[in-house]
Amino acid sequence: MLRLPICELLSIEFPIIQGGMAWVADAHLAAAVSNAGGMGLIAGMSMNGEQLRAEIHKARSLTDKPFGVNIMLMSPHTPEVAKVVIEEKIPVVTTGAGNPSSYIKAWKEAGIQVLPVVASSGLAKMMERAGADAVIAEGCEAGGHIGELTTMALLPQVCDAVKNIPVIAAGGIADGRGLAAAVMLGAAGAQLGTAFLVAEECTIHENYKKRVLAAKDIDTLTTGHRFGHPVRALKSNFTRTYRKKEFAPESTQEELEALGVGALRRAAREGDEENGCFMAGQSAGLQKSIRPARQIMEEMTAQAEEILKGAARWVK
Ligand code: TUI
């Protein structure tokens, strides 16, 4: 059995938390991951306060286990969603795409465990000082909105930067090899996004799952660099069009934002091959089959355990 520090911190069987994927991480997926022994999360990004409250109630009808909420800080609904997690007594909040400093005090007073995603050691240090319980160091192998550094470079630097809180690894981790490597770099657990896209219990459109399963290592790319919000997704008609427009001198930020709005929803909920943006990480090429969430976590941790046990043979 692989027991890492976040098993104790979050009272979970597997040292795995689920990424807060907008339009993907709904009550079904969150409840399934929590029921299976990991930490499931609902993504608040695509919802206003009342929609999130309804999704939380739905998840509670599907599991007795604790689950968390991910708050995407660029969302216009952040202030109301930040209140709903307190009112609903959500035990764990992860944040992404920004600095959650102004919310942490209120969440801590409400007894919430706060796990901000960081893409730099500077933000990690700031989060520790602000009272975060752990940080999630997410490398740019991840899908969706990403920072500059790879997991390999970011993770040990974040581990050095924080003094007393665990660091959870994210970005590019899809099997036991990735989990074992993350442990070697100092991780206390891992966050998985792309691996759960193809979980049996994930409710996204089948076209999305098919695209992830068909992806090779070089089949993701990033868009959005020109206006400062890089996003990783599977190559598609959408990313080709967006890239062309992004670098056309006459394109404005408003025009590009309008093109992006709704593209993830169209991919996840409608399977729209023409206009959908199929966000996924570079580990898409490692996803070979649809499996239940429990099997994903069991196989990953069993493989990591074997690798970590066997690593001593290299030391003479
Ligand atoms: O947030 C994510 N991934 C996401 S959010 C999202 S929704 C979206 N849709 C369209 C365009 C843009 C976003 C899809 N995927 N991951 C967590 C994450 N946070 N990755 C990187 C960061 C990050 C980056 C810089 C966190 C903090 C940061 O610095 C903030 C600061 O102010 O210092």
# chains A, B, ... in the order shown; residues from 1 in each chain; ligands from 1

$ select_by_dssp --residues "range 94-205 of chain A" --states "strand (DSSP E or B)" --output "short mmCIF file (atom, residue, chain, number, x, y, z; two decimals) with C-alpha atoms, in the first residue's frame"
data_model
loop_
_atom_site.label_atom_id
_atom_site.label_comp_id
_atom_site.auth_asym_id
_atom_site.auth_seq_id
_atom_site.Cartn_x
_atom_site.Cartn_y
_atom_site.Cartn_z
CA THR A 94 -8.40 24.03 -4.38
CA THR A 95 -7.84 27.22 -6.35
CA GLY A 96 -6.40 27.87 -9.80
CA GLN A 113 -8.48 22.93 4.03
CA VAL A 114 -7.07 25.24 1.37
CA LEU A 115 -4.88 23.87 -1.43
CA PRO A 116 -3.91 26.54 -3.98
CA VAL A 117 -2.47 25.56 -7.36
CA VAL A 118 0.84 27.36 -7.87
CA VAL A 135 0.14 23.68 -2.34
CA ILE A 136 -0.38 21.95 -5.66
CA ALA A 137 2.65 22.52 -7.90
CA GLU A 138 1.27 22.23 -11.43
CA GLY A 144 -6.08 23.83 -19.47
CA HIS A 145 -4.61 27.06 -18.13
CA VAL A 167 3.44 19.81 -1.90
CA ILE A 168 1.11 17.96 -4.24
CA ALA A 169 2.41 17.30 -7.77
CA ALA A 170 0.35 17.95 -10.91
CA GLY A 189 0.60 13.23 -3.30
CA ALA A 190 -0.60 13.87 -6.84
CA GLN A 191 -3.42 15.65 -8.64
CA LEU A 192 -4.76 13.96 -11.77
CA ALA A 199 -12.65 7.60 -16.18
#

$ closest_atom_pairs --of "chain A" --to "ligand 1" --cutoff "8 Å" --atoms "only C-alpha atoms and all ligand atoms" --output "CSV"
residue,atom,partner,partner_atom_place_in_ligand_line,distance
A:Gly20,CA,ligand 1,3 (N),7.6
A:Met21,CA,ligand 1,15 (N),6.4
A:Ala22,CA,ligand 1,7 (S),5.9
A:Met45,CA,ligand 1,7 (S),6.7
A:Met72,CA,ligand 1,1 (O),5.8
A:Leu73,CA,ligand 1,1 (O),7.9
A:Met74,CA,ligand 1,13 (C),7.3
A:Ser75,CA,ligand 1,7 (S),8.0
A:Thr95,CA,ligand 1,17 (C),7.0
A:Gly96,CA,ligand 1,17 (C),3.8
A:Ala97,CA,ligand 1,19 (N),3.6
A:Gly98,CA,ligand 1,30 (C),3.7
A:Asn99,CA,ligand 1,32 (O),4.6
A:Pro116,CA,ligand 1,26 (C),7.8
A:Val117,CA,ligand 1,19 (N),5.1
A:Val118,CA,ligand 1,26 (C),4.6
A:Ala119,CA,ligand 1,23 (C),5.0
A:Ser120,CA,ligand 1,28 (C),7.3
A:Leu123,CA,ligand 1,33 (O),5.8
A:Glu138,CA,ligand 1,20 (N),6.0
A:Gly139,CA,ligand 1,20 (N),7.6
A:Cys140,CA,ligand 1,20 (N),7.7
A:Ala142,CA,ligand 1,16 (N),7.8
A:Gly143,CA,ligand 1,15 (N),6.4
A:Gly144,CA,ligand 1,15 (N),3.2
A:His145,CA,ligand 1,4 (C),3.9
A:Ile146,CA,ligand 1,21 (C),4.1
A:Gly147,CA,ligand 1,21 (C),4.8
A:Gly224,CA,ligand 1,11 (C),7.9
A:His229,CA,ligand 1,12 (C),6.0
A:Pro230,CA,ligand 1,12 (C),7.3
A:Val231,CA,ligand 1,12 (C),6.2
A:Gly260,CA,ligand 1,10 (C),6.6
A:Val261,CA,ligand 1,10 (C),7.1
A:Leu264,CA,ligand 1,9 (N),7.1
A:Met279,CA,ligand 1,14 (C),7.3

$ residues_around --residues "range 81-89 of chain A" --least-positions-apart "2" --cutoff "6 Å" --atoms "only C-alpha atoms" --output "PyMOL selection string"
chain A and resi 49+78-79

$ write_last_selection --atoms "N, CA, C and O atoms" --output "tab-separated table (two decimals), in the first residue's frame"
chain	number	residue	atom	x	y	z
A	49	GLY	N	-23.02	30.92	-7.95
A	49	GLY	CA	-23.16	30.40	-6.59
A	49	GLY	C	-24.27	29.36	-6.45
A	49	GLY	O	-24.08	28.29	-5.87
A	78	THR	N	-16.38	34.17	-8.85
A	78	THR	CA	-15.54	33.77	-7.71
A	78	THR	C	-16.04	34.28	-6.36
A	78	THR	O	-16.14	33.49	-5.41
A	79	PRO	N	-16.39	35.59	-6.21
A	79	PRO	CA	-16.80	36.03	-4.87
A	79	PRO	C	-18.00	35.25	-4.32
A	79	PRO	O	-18.01	34.88	-3.14

$ closest_residue --among "A:Leu41, A:Leu155, A:Ala180, A:Ala31" --to "Gly310 in chain A" --atoms "only C-alpha atoms"
A:Ala180

$ atom_distance --atom1 "CA of Ile6 in chain A" --atom2 "CA of Pro166 in chain A"
7.5 Å

$ select_by_dssp --residues "range 68-216 of chain A" --states "alpha helix (DSSP H)" --output "PyMOL selection string"
chain A and resi 78-87+101-109+121-130+151-161+176-184+194-197+206-214

$ residues_around --residues "Thr194 in chain A" --least-positions-apart "6" --cutoff "12 Å" --atoms "only C-alpha atoms" --output "PyMOL selection string"
chain A and resi 18-21+24-25+141-144+170-175+202+208-209+211-213+215+220+232-234+278-288+290+296

$ write_last_selection --atoms "N, CA and C atoms" --output "short mmCIF file (atom, residue, chain, number, x, y, z; two decimals), in the first residue's frame"
data_model
loop_
_atom_site.label_atom_id
_atom_site.label_comp_id
_atom_site.auth_asym_id
_atom_site.auth_seq_id
_atom_site.Cartn_x
_atom_site.Cartn_y
_atom_site.Cartn_z
N GLN A 18 -8.39 14.85 -7.45
CA GLN A 18 -8.84 15.01 -8.83
C GLN A 18 -8.75 16.49 -9.21
N GLY A 19 -8.31 16.76 -10.42
CA GLY A 19 -8.21 18.14 -10.90
C GLY A 19 -9.60 18.77 -11.02
N GLY A 20 -9.64 20.08 -10.87
CA GLY A 20 -10.93 20.79 -10.91
C GLY A 20 -11.28 21.26 -12.30
N MET A 21 -11.57 20.34 -13.17
CA MET A 21 -11.74 20.66 -14.59
C MET A 21 -13.12 21.23 -14.91
N VAL A 24 -16.21 19.59 -16.71
CA VAL A 24 -15.88 18.16 -16.68
C VAL A 24 -16.11 17.62 -15.27
N ALA A 25 -15.58 18.36 -14.28
CA ALA A 25 -15.59 17.89 -12.89
C ALA A 25 -16.93 18.24 -12.25
N GLU A 141 2.88 20.61 -18.30
CA GLU A 141 2.41 19.42 -19.02
C GLU A 141 0.91 19.26 -18.85
N ALA A 142 0.36 19.96 -17.86
CA ALA A 142 -1.07 19.85 -17.53
C ALA A 142 -1.93 20.38 -18.67
N GLY A 143 -3.19 20.00 -18.64
CA GLY A 143 -4.16 20.56 -19.58
C GLY A 143 -4.74 21.85 -19.03
N GLY A 144 -5.42 22.59 -19.90
CA GLY A 144 -6.08 23.83 -19.47
C GLY A 144 -5.09 24.96 -19.29
N ALA A 170 1.35 18.03 -9.84
CA ALA A 170 0.35 17.95 -10.91
C ALA A 170 1.00 18.32 -12.23
N GLY A 171 0.44 17.76 -13.31
CA GLY A 171 0.95 18.05 -14.64
C GLY A 171 1.76 16.90 -15.18
N GLY A 172 1.17 16.11 -16.06
CA GLY A 172 1.91 15.03 -16.72
C GLY A 172 1.92 13.71 -15.98
N ILE A 173 1.25 13.64 -14.83
CA ILE A 173 1.26 12.39 -14.05
C ILE A 173 0.06 11.54 -14.46
N ALA A 174 0.34 10.35 -14.99
CA ALA A 174 -0.77 9.56 -15.51
C ALA A 174 -0.68 8.09 -15.13
N ASP A 175 0.46 7.66 -14.59
CA ASP A 175 0.59 6.27 -14.18
C ASP A 175 1.56 6.17 -13.01
N CYS A 202 -16.69 9.61 -15.68
CA CYS A 202 -16.63 10.99 -16.17
C CYS A 202 -17.71 11.18 -17.23
N TYR A 208 -15.05 13.45 -26.80
CA TYR A 208 -13.93 13.97 -26.01
C TYR A 208 -13.04 12.79 -25.56
N LYS A 209 -13.70 11.77 -24.99
CA LYS A 209 -12.94 10.61 -24.52
C LYS A 209 -12.20 9.94 -25.68
N ARG A 211 -11.11 11.27 -28.40
CA ARG A 211 -9.96 12.09 -28.81
C ARG A 211 -8.78 11.92 -27.85
N VAL A 212 -9.08 11.84 -26.55
CA VAL A 212 -8.00 11.65 -25.58
C VAL A 212 -7.34 10.28 -25.82
N LEU A 213 -8.17 9.26 -26.00
CA LEU A 213 -7.62 7.91 -26.18
C LEU A 213 -6.83 7.78 -27.49
N ALA A 215 -5.05 10.20 -28.79
CA ALA A 215 -3.94 11.18 -28.83
C ALA A 215 -2.58 10.48 -28.70
N THR A 220 -0.94 17.56 -28.21
CA THR A 220 -1.49 18.75 -27.55
C THR A 220 -0.66 19.96 -27.97
N ARG A 232 -3.52 24.65 -22.59
CA ARG A 232 -3.14 23.45 -23.34
C ARG A 232 -4.37 22.63 -23.69
N ALA A 233 -4.45 22.24 -24.96
CA ALA A 233 -5.60 21.44 -25.42
C ALA A 233 -5.13 20.49 -26.52
N LEU A 234 -5.97 19.51 -26.83
CA LEU A 234 -5.69 18.62 -27.96
C LEU A 234 -5.77 19.42 -29.26
N PHE A 278 -10.84 20.96 -26.74
CA PHE A 278 -10.69 19.73 -25.95
C PHE A 278 -9.45 19.83 -25.08
N MET A 279 -9.59 20.51 -23.93
CA MET A 279 -8.42 20.70 -23.07
C MET A 279 -7.94 19.35 -22.52
N ALA A 280 -6.64 19.14 -22.56
CA ALA A 280 -6.04 17.90 -22.03
C ALA A 280 -4.55 18.14 -21.85
N GLY A 281 -3.95 17.35 -20.98
CA GLY A 281 -2.52 17.49 -20.72
C GLY A 281 -1.69 16.60 -21.64
N GLN A 282 -0.37 16.74 -21.51
CA GLN A 282 0.53 15.98 -22.37
C GLN A 282 0.50 14.49 -22.08
N SER A 283 -0.10 14.10 -20.95
CA SER A 283 -0.21 12.67 -20.65
C SER A 283 -1.37 12.03 -21.41
N ALA A 284 -2.06 12.78 -22.27
CA ALA A 284 -3.15 12.19 -23.07
C ALA A 284 -2.64 10.95 -23.81
N GLY A 285 -1.41 11.02 -24.31
CA GLY A 285 -0.83 9.89 -25.05
C GLY A 285 -0.63 8.64 -24.20
N LEU A 286 -0.69 8.79 -22.88
CA LEU A 286 -0.54 7.62 -21.99
C LEU A 286 -1.89 6.99 -21.64
N GLN A 287 -2.97 7.63 -22.03
CA GLN A 287 -4.31 7.11 -21.69
C GLN A 287 -4.71 6.07 -22.73
N LYS A 288 -4.89 4.82 -22.29
CA LYS A 288 -5.11 3.73 -23.24
C LYS A 288 -6.52 3.16 -23.19
N ILE A 290 -10.74 3.20 -21.09
CA ILE A 290 -11.71 3.73 -20.12
C ILE A 290 -11.72 2.78 -18.92
N ILE A 296 -8.24 3.13 -11.88
CA ILE A 296 -7.18 4.09 -12.25
C ILE A 296 -6.25 4.30 -11.06
#

$ residues_around --residues "Met297 in chain A" --least-positions-apart "3" --cutoff "9 Å" --atoms "only C-alpha atoms" --output "PDB file with all heavy atoms, in the first residue's frame"
ATOM      1  N   PHE A  14      -6.197   6.627  -1.229  1.00  0.00           N
ATOM      2  CA  PHE A  14      -5.143   6.806  -2.239  1.00  0.00           C
ATOM      3  C   PHE A  14      -4.617   8.245  -2.167  1.00  0.00           C
ATOM      4  O   PHE A  14      -5.407   9.165  -1.946  1.00  0.00           O
ATOM      5  CB  PHE A  14      -5.702   6.547  -3.650  1.00  0.00           C
ATOM      6  CG  PHE A  14      -6.208   5.152  -3.856  1.00  0.00           C
ATOM      7  CD1 PHE A  14      -7.577   4.908  -3.978  1.00  0.00           C
ATOM      8  CD2 PHE A  14      -5.332   4.079  -3.937  1.00  0.00           C
ATOM      9  CE1 PHE A  14      -8.059   3.619  -4.167  1.00  0.00           C
ATOM     10  CE2 PHE A  14      -5.814   2.785  -4.127  1.00  0.00           C
ATOM     11  CZ  PHE A  14      -7.172   2.553  -4.242  1.00  0.00           C
ATOM     12  N   PRO A  15      -3.306   8.448  -2.408  1.00  0.00           N
ATOM     13  CA  PRO A  15      -2.744   9.806  -2.297  1.00  0.00           C
ATOM     14  C   PRO A  15      -3.027  10.657  -3.539  1.00  0.00           C
ATOM     15  O   PRO A  15      -2.134  11.260  -4.115  1.00  0.00           O
ATOM     16  CB  PRO A  15      -1.237   9.527  -2.139  1.00  0.00           C
ATOM     17  CG  PRO A  15      -1.023   8.259  -2.905  1.00  0.00           C
ATOM     18  CD  PRO A  15      -2.275   7.443  -2.747  1.00  0.00           C
ATOM     19  N   ILE A  16      -4.300  10.677  -3.933  1.00  0.00           N
ATOM     20  CA  ILE A  16      -4.654  11.259  -5.227  1.00  0.00           C
ATOM     21  C   ILE A  16      -5.846  12.204  -5.088  1.00  0.00           C
ATOM     22  O   ILE A  16      -6.880  11.845  -4.498  1.00  0.00           O
ATOM     23  CB  ILE A  16      -4.966  10.131  -6.242  1.00  0.00           C
ATOM     24  CG1 ILE A  16      -3.665   9.389  -6.574  1.00  0.00           C
ATOM     25  CG2 ILE A  16      -5.623  10.695  -7.512  1.00  0.00           C
ATOM     26  CD1 ILE A  16      -3.845   8.130  -7.360  1.00  0.00           C
ATOM     27  N   ALA A  36     -14.351   6.152  -4.546  1.00  0.00           N
ATOM     28  CA  ALA A  36     -13.307   5.192  -4.906  1.00  0.00           C
ATOM     29  C   ALA A  36     -12.072   5.314  -4.030  1.00  0.00           C
ATOM     30  O   ALA A  36     -11.118   4.561  -4.192  1.00  0.00           O
ATOM     31  CB  ALA A  36     -12.929   5.383  -6.375  1.00  0.00           C
ATOM     32  N   GLY A  37     -12.038   6.286  -3.106  1.00  0.00           N
ATOM     33  CA  GLY A  37     -10.912   6.373  -2.173  1.00  0.00           C
ATOM     34  C   GLY A  37      -9.946   7.512  -2.425  1.00  0.00           C
ATOM     35  O   GLY A  37      -8.926   7.631  -1.746  1.00  0.00           O
ATOM     36  N   GLY A  38     -10.243   8.378  -3.412  1.00  0.00           N
ATOM     37  CA  GLY A  38      -9.432   9.581  -3.631  1.00  0.00           C
ATOM     38  C   GLY A  38     -10.188  10.807  -3.139  1.00  0.00           C
ATOM     39  O   GLY A  38     -11.200  10.682  -2.445  1.00  0.00           O
ATOM     40  N   ASP A 175       0.463   7.660 -14.594  1.00  0.00           N
ATOM     41  CA  ASP A 175       0.590   6.267 -14.180  1.00  0.00           C
ATOM     42  C   ASP A 175       1.557   6.168 -13.007  1.00  0.00           C
ATOM     43  O   ASP A 175       2.006   7.193 -12.479  1.00  0.00           O
ATOM     44  CB  ASP A 175       0.999   5.369 -15.371  1.00  0.00           C
ATOM     45  CG  ASP A 175       2.345   5.757 -15.971  1.00  0.00           C
ATOM     46  OD1 ASP A 175       3.139   6.432 -15.277  1.00  0.00           O
ATOM     47  OD2 ASP A 175       2.606   5.387 -17.134  1.00  0.00           O
ATOM     48  N   PRO A 292     -12.823   2.429 -14.496  1.00  0.00           N
ATOM     49  CA  PRO A 292     -13.453   3.091 -13.352  1.00  0.00           C
ATOM     50  C   PRO A 292     -12.393   3.849 -12.542  1.00  0.00           C
ATOM     51  O   PRO A 292     -11.214   3.459 -12.537  1.00  0.00           O
ATOM     52  CB  PRO A 292     -14.020   1.932 -12.527  1.00  0.00           C
ATOM     53  CG  PRO A 292     -13.989   0.733 -13.409  1.00  0.00           C
ATOM     54  CD  PRO A 292     -12.919   0.960 -14.431  1.00  0.00           C
ATOM     55  N   ALA A 293     -12.821   4.917 -11.851  1.00  0.00           N
ATOM     56  CA  ALA A 293     -11.888   5.749 -11.075  1.00  0.00           C
ATOM     57  C   ALA A 293     -11.072   4.908 -10.096  1.00  0.00           C
ATOM     58  O   ALA A 293      -9.878   5.126  -9.915  1.00  0.00           O
ATOM     59  CB  ALA A 293     -12.660   6.837 -10.335  1.00  0.00           C
ATOM     60  N   ARG A 294     -11.724   3.919  -9.483  1.00  0.00           N
ATOM     61  CA  ARG A 294     -10.999   3.114  -8.492  1.00  0.00           C
ATOM     62  C   ARG A 294      -9.852   2.331  -9.143  1.00  0.00           C
ATOM     63  O   ARG A 294      -8.751   2.258  -8.608  1.00  0.00           O
ATOM     64  CB  ARG A 294     -11.948   2.168  -7.748  1.00  0.00           C
ATOM     65  CG  ARG A 294     -11.205   1.400  -6.671  1.00  0.00           C
ATOM     66  CD  ARG A 294     -12.021   0.813  -5.567  1.00  0.00           C
ATOM     67  NE  ARG A 294     -11.113   0.161  -4.639  1.00  0.00           N
ATOM     68  CZ  ARG A 294     -10.696   0.679  -3.490  1.00  0.00           C
ATOM     69  NH1 ARG A 294     -11.140   1.841  -3.086  1.00  0.00           N
ATOM     70  NH2 ARG A 294      -9.854   0.029  -2.726  1.00  0.00           N
ATOM     71  N   MET A 300      -2.375   2.737 -10.619  1.00  0.00           N
ATOM     72  CA  MET A 300      -1.313   3.734 -10.514  1.00  0.00           C
ATOM     73  C   MET A 300      -0.504   3.562  -9.221  1.00  0.00           C
ATOM     74  O   MET A 300       0.725   3.570  -9.240  1.00  0.00           O
ATOM     75  CB  MET A 300      -1.927   5.126 -10.560  1.00  0.00           C
ATOM     76  CG  MET A 300      -0.934   6.213 -10.309  1.00  0.00           C
ATOM     77  SD  MET A 300      -1.712   7.819 -10.351  1.00  0.00           S
ATOM     78  CE  MET A 300      -1.409   8.267 -11.992  1.00  0.00           C
ATOM     79  N   THR A 301      -1.193   3.386  -8.107  1.00  0.00           N
ATOM     80  CA  THR A 301      -0.469   3.310  -6.831  1.00  0.00           C
ATOM     81  C   THR A 301       0.269   1.968  -6.715  1.00  0.00           C
ATOM     82  O   THR A 301       1.370   1.929  -6.170  1.00  0.00           O
ATOM     83  CB  THR A 301      -1.414   3.529  -5.629  1.00  0.00           C
ATOM     84  OG1 THR A 301      -2.548   2.669  -5.766  1.00  0.00           O
ATOM     85  CG2 THR A 301      -1.882   4.968  -5.550  1.00  0.00           C
ATOM     86  N   ALA A 302      -0.301   0.886  -7.270  1.00  0.00           N
ATOM     87  CA  ALA A 302       0.403  -0.407  -7.222  1.00  0.00           C
ATOM     88  C   ALA A 302       1.694  -0.326  -8.030  1.00  0.00           C
ATOM     89  O   ALA A 302       2.748  -0.806  -7.597  1.00  0.00           O
ATOM     90  CB  ALA A 302      -0.504  -1.513  -7.756  1.00  0.00           C
TER      91      ALA A 302
END

$ closest_residue --among "A:Leu179, A:Ser121, A:Thr222, A:His28" --to "Leu308 in chain A" --atoms "only C-alpha atoms"
A:Leu179

$ atom_distance --atom1 "CA of Lys65 in chain A" --atom2 "CA of Leu29 in chain A"
12.9 Å
